[in-house]
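All remarks here apply to the structure that follows.
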Amino acid sequence: MLNNLKPQAPDKILALMEEYRADERDQKVDLGVGVYKNAEGETPIMRAVHKAEKQVWENETTKKYAGLAGQPEFHAAMAEMVLGKGYPADSLACLSTVGGTGACRMGFELARMANPGTKIWVSDPTWPNHLSILKFMDQDFTTYRYFDSETRSVDFDAMIEDLKGAKEGDIVLLHGCCHNPTGANLTLEQWGKVADLLQETGAVPMIDLAYQGFGDGLEADAAGTRLIAERLPEVLIAASCSKNFGIYRERTGCLMVLGSEETKKTVQGNLAYLNRQTYSFPPYHGQALVTRVLTDPELRADWEAELEDVRTGMLELRQQLADELRKLSNSDRFDFVAEHRGMFSRLGATPEQVAAMKEGNAIYMVGDSRINIAGLNKNSVPLLARALIDAGV
Ligand code: PMP
């Protein structure tokens, strides 16, 4: 039986990490995998999360199974963070999932259960795992144009033109903020126009919110999602706690499904069913940490302060890189780096140029020239800028 299996292509980003690790050059720069790193190249446990962990350890008296759909207090804290105080609790169903990836997967599954003929619209480009999950599910999907590779900003007219083709009951997947891989995001005005179009077509928005707090701030990064939630009757939101709480390996995420008071109970039952059929109970520990951090005023204030430092640190690196490139190129054609938001930017280098920077400068980035801004520090920014110019980008 087992010899029927075909080898799977290795994950490109993980393969790049391996290559980086094996590179023996002293001065090497890893801009590959999407994990936040501080100036020392470390991914520390956030202060408030560490304190919450101690409290959980001290207070936990059992390891019995917890909620099948997750913990209601986690759902409430997440709904408030994402949708704001006064969110429509009576029409919101929530599911704790295995990370944001699990939330995406369960969202796709729920959409398919509700409408077996649904087609899923994803941005071109998008996080590669969206595509591979959809292919694995044998789920019908298509792409809409999103990124203008000349200006390195959103090609909004093309996006709207393509999304006019979405039908009632289709799912339109949108990145809530900090678009991965491009770093180019919708303005609030553009979110409004997307909402208008979705209202016209009857397509259902699904928002992947994996970087809340990494772009313009906790509240600002949720603004597009909130606008959509206020305007559309049905919305799916796949939120990840991996980045903003720095709890990648705890696998913590939440799928929120906004419908009506009438649909809530059935939706909630279907969500629990999905967990049950897939892995039964979701991981508990990360939910407990996030709930504590969000609901204890002292922990929350400290977490928000640290998250803000993370965010502004990345913005400073963006500005430094844009300034350096302005000097070296004697032009403003790289200013987009400072305008992008989140952990990533797609620089617009060709695969050959990306390979040349790896060979010649030990600078590792994903083949589509996506860089992780947090992989830089003050010393490596000039190295990257020089390498980009020398490679002819
Ligand atoms: N969506 C996007 C766009 C992402 O970049 C990621 C993380 N790479 C996720 C979802 C999910 O992350 P996780 O499963 O680690 O929470």
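For the structure tokens, the naming scheme is as follows: chains receive sequential letters (A, B, ...) according to their order of presentation, residues are indexed from 1 within each chain, and ligands are indexed from 1 in presentation order.
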List all protein, DNA and RNA residues that have an atom no more than 7 Å from any atom of ligand 1, counting only C-alpha atoms and all ligand atoms, and report them as a list in words.
->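 Sorted by chain and then by number, the residues are Gly34, Val98, Gly99, Gly100, Thr101, Gly102, Trp127, His175, His179, Asn180, Asp208, Leu209, Ala210, Ser240, Cys241, Ser242, Tyr248, Arg251, Thr252 and Gly253 of chain A.
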Might you pull out every residue within 8 Å of A:Gly32, with only C-alpha atoms counted and same-chain residues fewer than 3 positions away left off, and present them as a list in words?
-> Ile13, Leu16, Met17, Tyr364, Met365, Val366, Arg370, Ile371, Asn372 and Gly375 of chain A
Selection export as a short mmCIF file (atom, residue, chain, number, x, y, z; two decimals), in the first residue's frame, atoms kept: N, CA and C atoms:
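Everything below was put into result-v5.cif:
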data_model
loop_
_atom_site.label_atom_id
_atom_site.label_comp_id
_atom_site.auth_asym_id
_atom_site.auth_seq_id
_atom_site.Cartn_x
_atom_site.Cartn_y
_atom_site.Cartn_z
N ILE A 13 9.28 27.39 1.41
CA ILE A 13 9.83 28.30 2.44
C ILE A 13 10.64 27.50 3.47
N LEU A 16 13.90 26.62 2.03
CA LEU A 16 14.79 27.79 2.05
C LEU A 16 15.44 27.95 3.43
N MET A 17 14.65 27.69 4.47
CA MET A 17 15.18 27.76 5.85
C MET A 17 16.34 26.78 6.04
N TYR A 364 18.64 35.61 1.85
CA TYR A 364 17.63 34.59 1.52
C TYR A 364 16.24 35.19 1.56
N MET A 365 15.55 35.17 0.41
CA MET A 365 14.14 35.57 0.39
C MET A 365 13.37 34.56 -0.45
N VAL A 366 12.04 34.60 -0.32
CA VAL A 366 11.22 33.65 -1.07
C VAL A 366 11.34 33.97 -2.57
N ARG A 370 9.37 37.96 -1.96
CA ARG A 370 8.75 38.39 -0.71
C ARG A 370 9.83 38.41 0.37
N ILE A 371 9.93 39.53 1.09
CA ILE A 371 10.86 39.55 2.22
C ILE A 371 10.08 39.68 3.53
N ASN A 372 10.64 39.08 4.57
CA ASN A 372 10.13 39.28 5.93
C ASN A 372 10.92 40.45 6.50
N GLY A 375 13.07 40.11 9.48
CA GLY A 375 14.35 39.40 9.37
C GLY A 375 15.52 40.36 9.25
#
Exercise: stretch 193-201 of chain A partners within 12 Å, only C-alpha atoms, chain neighbours under 3 positions left out, as JSON, numbers by chain | {"A": [156, 157, 159, 160, 161, 162, 163, 164, 165, 166, 167, 168, 169, 170, 171, 172, 173, 174, 186, 187, 188, 189, 190, 204, 205, 206, 224, 225, 226, 227, 228, 229, 230, 231, 232, 233, 234, 235]}
Which of stretch 235-307 of chain A DSSP labels helix (DSSP H, G or I), written as a PyMOL selection string = chain A and resi 248-250+264-278+285-295+297-307
Surrounding residues of A:Ile45 excluding itself and chain neighbours under 5 positions, 9 Å, only C-alpha atoms, as a VMD selection string | chain A and resid 50 245 to 247
Neighbours of A:Asn129 within 12 Å (only C-alpha atoms; same-chain residues fewer than 2 positions away dropped), as a PDB file with C-alpha atoms, in the first residue's frame?
ATOM      1  CA  ASP A  11       7.450  23.335   1.235  1.00  0.00           C
ATOM      2  CA  LYS A  12       9.473  26.011  -0.557  1.00  0.00           C
ATOM      3  CA  ILE A  13       9.833  28.296   2.437  1.00  0.00           C
ATOM      4  CA  GLY A 100      -5.272  30.508  11.733  1.00  0.00           C
ATOM      5  CA  THR A 101      -4.644  27.738   9.224  1.00  0.00           C
ATOM      6  CA  GLY A 102      -7.257  25.616  10.984  1.00  0.00           C
ATOM      7  CA  CYS A 104      -9.192  28.959   7.199  1.00  0.00           C
ATOM      8  CA  ARG A 105      -9.696  25.254   6.628  1.00  0.00           C
ATOM      9  CA  VAL A 122      -8.590  34.292  -3.724  1.00  0.00           C
ATOM     10  CA  PRO A 125      -1.077  36.348  -5.254  1.00  0.00           C
ATOM     11  CA  THR A 126      -2.100  35.000  -1.875  1.00  0.00           C
ATOM     12  CA  TRP A 127      -0.574  33.007   0.989  1.00  0.00           C
ATOM     13  CA  LEU A 131      -4.103  27.521  -2.610  1.00  0.00           C
ATOM     14  CA  SER A 132      -2.676  24.216  -1.481  1.00  0.00           C
ATOM     15  CA  ILE A 133      -5.469  23.642   1.053  1.00  0.00           C
ATOM     16  CA  LEU A 134      -8.099  24.391  -1.585  1.00  0.00           C
ATOM     17  CA  LYS A 135      -6.409  22.031  -4.051  1.00  0.00           C
ATOM     18  CA  PHE A 136      -6.143  19.330  -1.402  1.00  0.00           C
ATOM     19  CA  MET A 137      -9.866  19.743  -0.652  1.00  0.00           C
ATOM     20  CA  ASN A 180       0.740  38.121   2.614  1.00  0.00           C
ATOM     21  CA  PRO A 181       2.849  38.021   0.437  1.00  0.00           C
TER      22      PRO A 181
END
Check stretch 9-142 of chain A with DSSP on the backbone and list each residue it calls strand (DSSP E), as an mmCIF file with C-alpha atoms, in the first residue's frame.
data_model
loop_
_atom_site.group_PDB
_atom_site.id
_atom_site.type_symbol
_atom_site.label_atom_id
_atom_site.label_comp_id
_atom_site.auth_asym_id
_atom_site.auth_seq_id
_atom_site.Cartn_x
_atom_site.Cartn_y
_atom_site.Cartn_z
ATOM 1 C CA VAL A 29 20.425 37.345 6.169
ATOM 2 C CA ASP A 30 17.248 35.275 6.509
ATOM 3 C CA LEU A 92 -22.034 35.398 16.009
ATOM 4 C CA ALA A 93 -20.903 31.758 16.153
ATOM 5 C CA CYS A 94 -17.267 30.963 17.029
ATOM 6 C CA LEU A 95 -14.944 28.015 16.771
ATOM 7 C CA SER A 96 -11.511 27.572 18.325
ATOM 8 C CA THR A 97 -9.183 26.073 15.775
ATOM 9 C CA VAL A 98 -5.678 24.780 15.274
ATOM 10 C CA ILE A 120 -13.750 30.487 -3.596
ATOM 11 C CA TRP A 121 -12.141 33.671 -4.902
ATOM 12 C CA VAL A 122 -8.590 34.292 -3.724
ATOM 13 C CA SER A 123 -6.272 37.188 -4.452
ATOM 14 C CA ASP A 124 -3.472 36.742 -6.957
ATOM 15 C CA PHE A 141 -11.568 28.190 -6.653
ATOM 16 C CA THR A 142 -10.385 31.009 -8.841
#
Nearest to A:Glu219, chosen from A:Ala338, A:Val82, A:Met343, A:Ala158, with only C-alpha atoms counted in the distances |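 Of A:Ala338, A:Val82, A:Met343, A:Ala158, the one nearest A:Glu219, counting only C-alpha atoms, is A:Val82.
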Write out as number ranges by chain which residues come within 9 Å of stretch 346-361 of chain A when counting only C-alpha atoms, dropping same-chain ones fewer than 2 positions away.
-> A: 27-29, 149-150, 152, 180-184, 334, 336-337, 344, 363-371, 383-384, 387-388, 390-393
Fewer than 2 positions away in the same chain doesn't count, so skip those; otherwise give me all residues within 9 Å of A:Leu110, counting only C-alpha atoms, as a short mmCIF file (atom, residue, chain, number, x, y, z; two decimals) with N, CA and C atoms, in the first residue's frame.
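Output below, filename selection01.cif:
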data_model
loop_
_atom_site.label_atom_id
_atom_site.label_comp_id
_atom_site.auth_asym_id
_atom_site.auth_seq_id
_atom_site.Cartn_x
_atom_site.Cartn_y
_atom_site.Cartn_z
N ARG A 105 -9.21 26.56 7.10
CA ARG A 105 -9.70 25.25 6.63
C ARG A 105 -11.15 25.02 7.03
N MET A 106 -11.45 25.30 8.30
CA MET A 106 -12.83 25.09 8.77
C MET A 106 -13.79 26.05 8.09
N GLY A 107 -13.33 27.24 7.79
CA GLY A 107 -14.16 28.21 7.06
C GLY A 107 -14.51 27.69 5.68
N PHE A 108 -13.50 27.15 5.00
CA PHE A 108 -13.76 26.58 3.66
C PHE A 108 -14.73 25.41 3.77
N ARG A 112 -18.52 25.08 2.15
CA ARG A 112 -18.89 23.98 1.25
C ARG A 112 -20.10 23.22 1.76
N MET A 113 -20.19 23.07 3.09
CA MET A 113 -21.39 22.39 3.64
C MET A 113 -22.64 23.22 3.38
N ALA A 114 -22.50 24.55 3.50
CA ALA A 114 -23.66 25.43 3.32
C ALA A 114 -24.04 25.54 1.85
N ASN A 115 -23.03 25.51 0.99
CA ASN A 115 -23.29 25.66 -0.45
C ASN A 115 -22.29 24.80 -1.22
N VAL A 267 -25.43 27.25 12.97
CA VAL A 267 -24.04 27.47 12.57
C VAL A 267 -23.11 26.96 13.66
N ASN A 270 -22.84 23.30 13.61
CA ASN A 270 -22.03 22.82 12.47
C ASN A 270 -20.54 23.06 12.71
N LEU A 271 -20.23 24.13 13.37
CA LEU A 271 -18.82 24.40 13.68
C LEU A 271 -18.28 23.33 14.63
N LEU A 274 -17.65 20.19 12.83
CA LEU A 274 -16.42 20.20 12.03
C LEU A 274 -15.19 19.87 12.89
#
Find the residue from A:Lys327, A:Leu289, A:Arg386, A:Leu321 that sits nearest to A:Val49; use only C-alpha atoms when measuring.
->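 Ranked by minimum distance to A:Val49, first place goes to A:Leu289.
Shortest separation to A:Asp221 among A:Ala39, A:Lys64, A:Arg341, A:Arg276 occurs at residue A:Arg341, atoms counted being only C-alpha atoms.
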Enter the distance from atom CA of A:Tyr20 to atom CA of A:Asn38, in Å, rounded to one decimal.
-> 18.0 Å
Using only C-alpha atoms, which of the listed residues (A:Ala362, A:Leu83, A:Ala103, A:Ala9) sits closest to A:Arg25?
-> A:Ala362
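Atom CA of A:Asn185 sits 21.8 Å away from atom CA of A:Leu255.
Atom pair atom CA of A:Val310 / atom CA of A:Glu250: separated by 19.9 Å.
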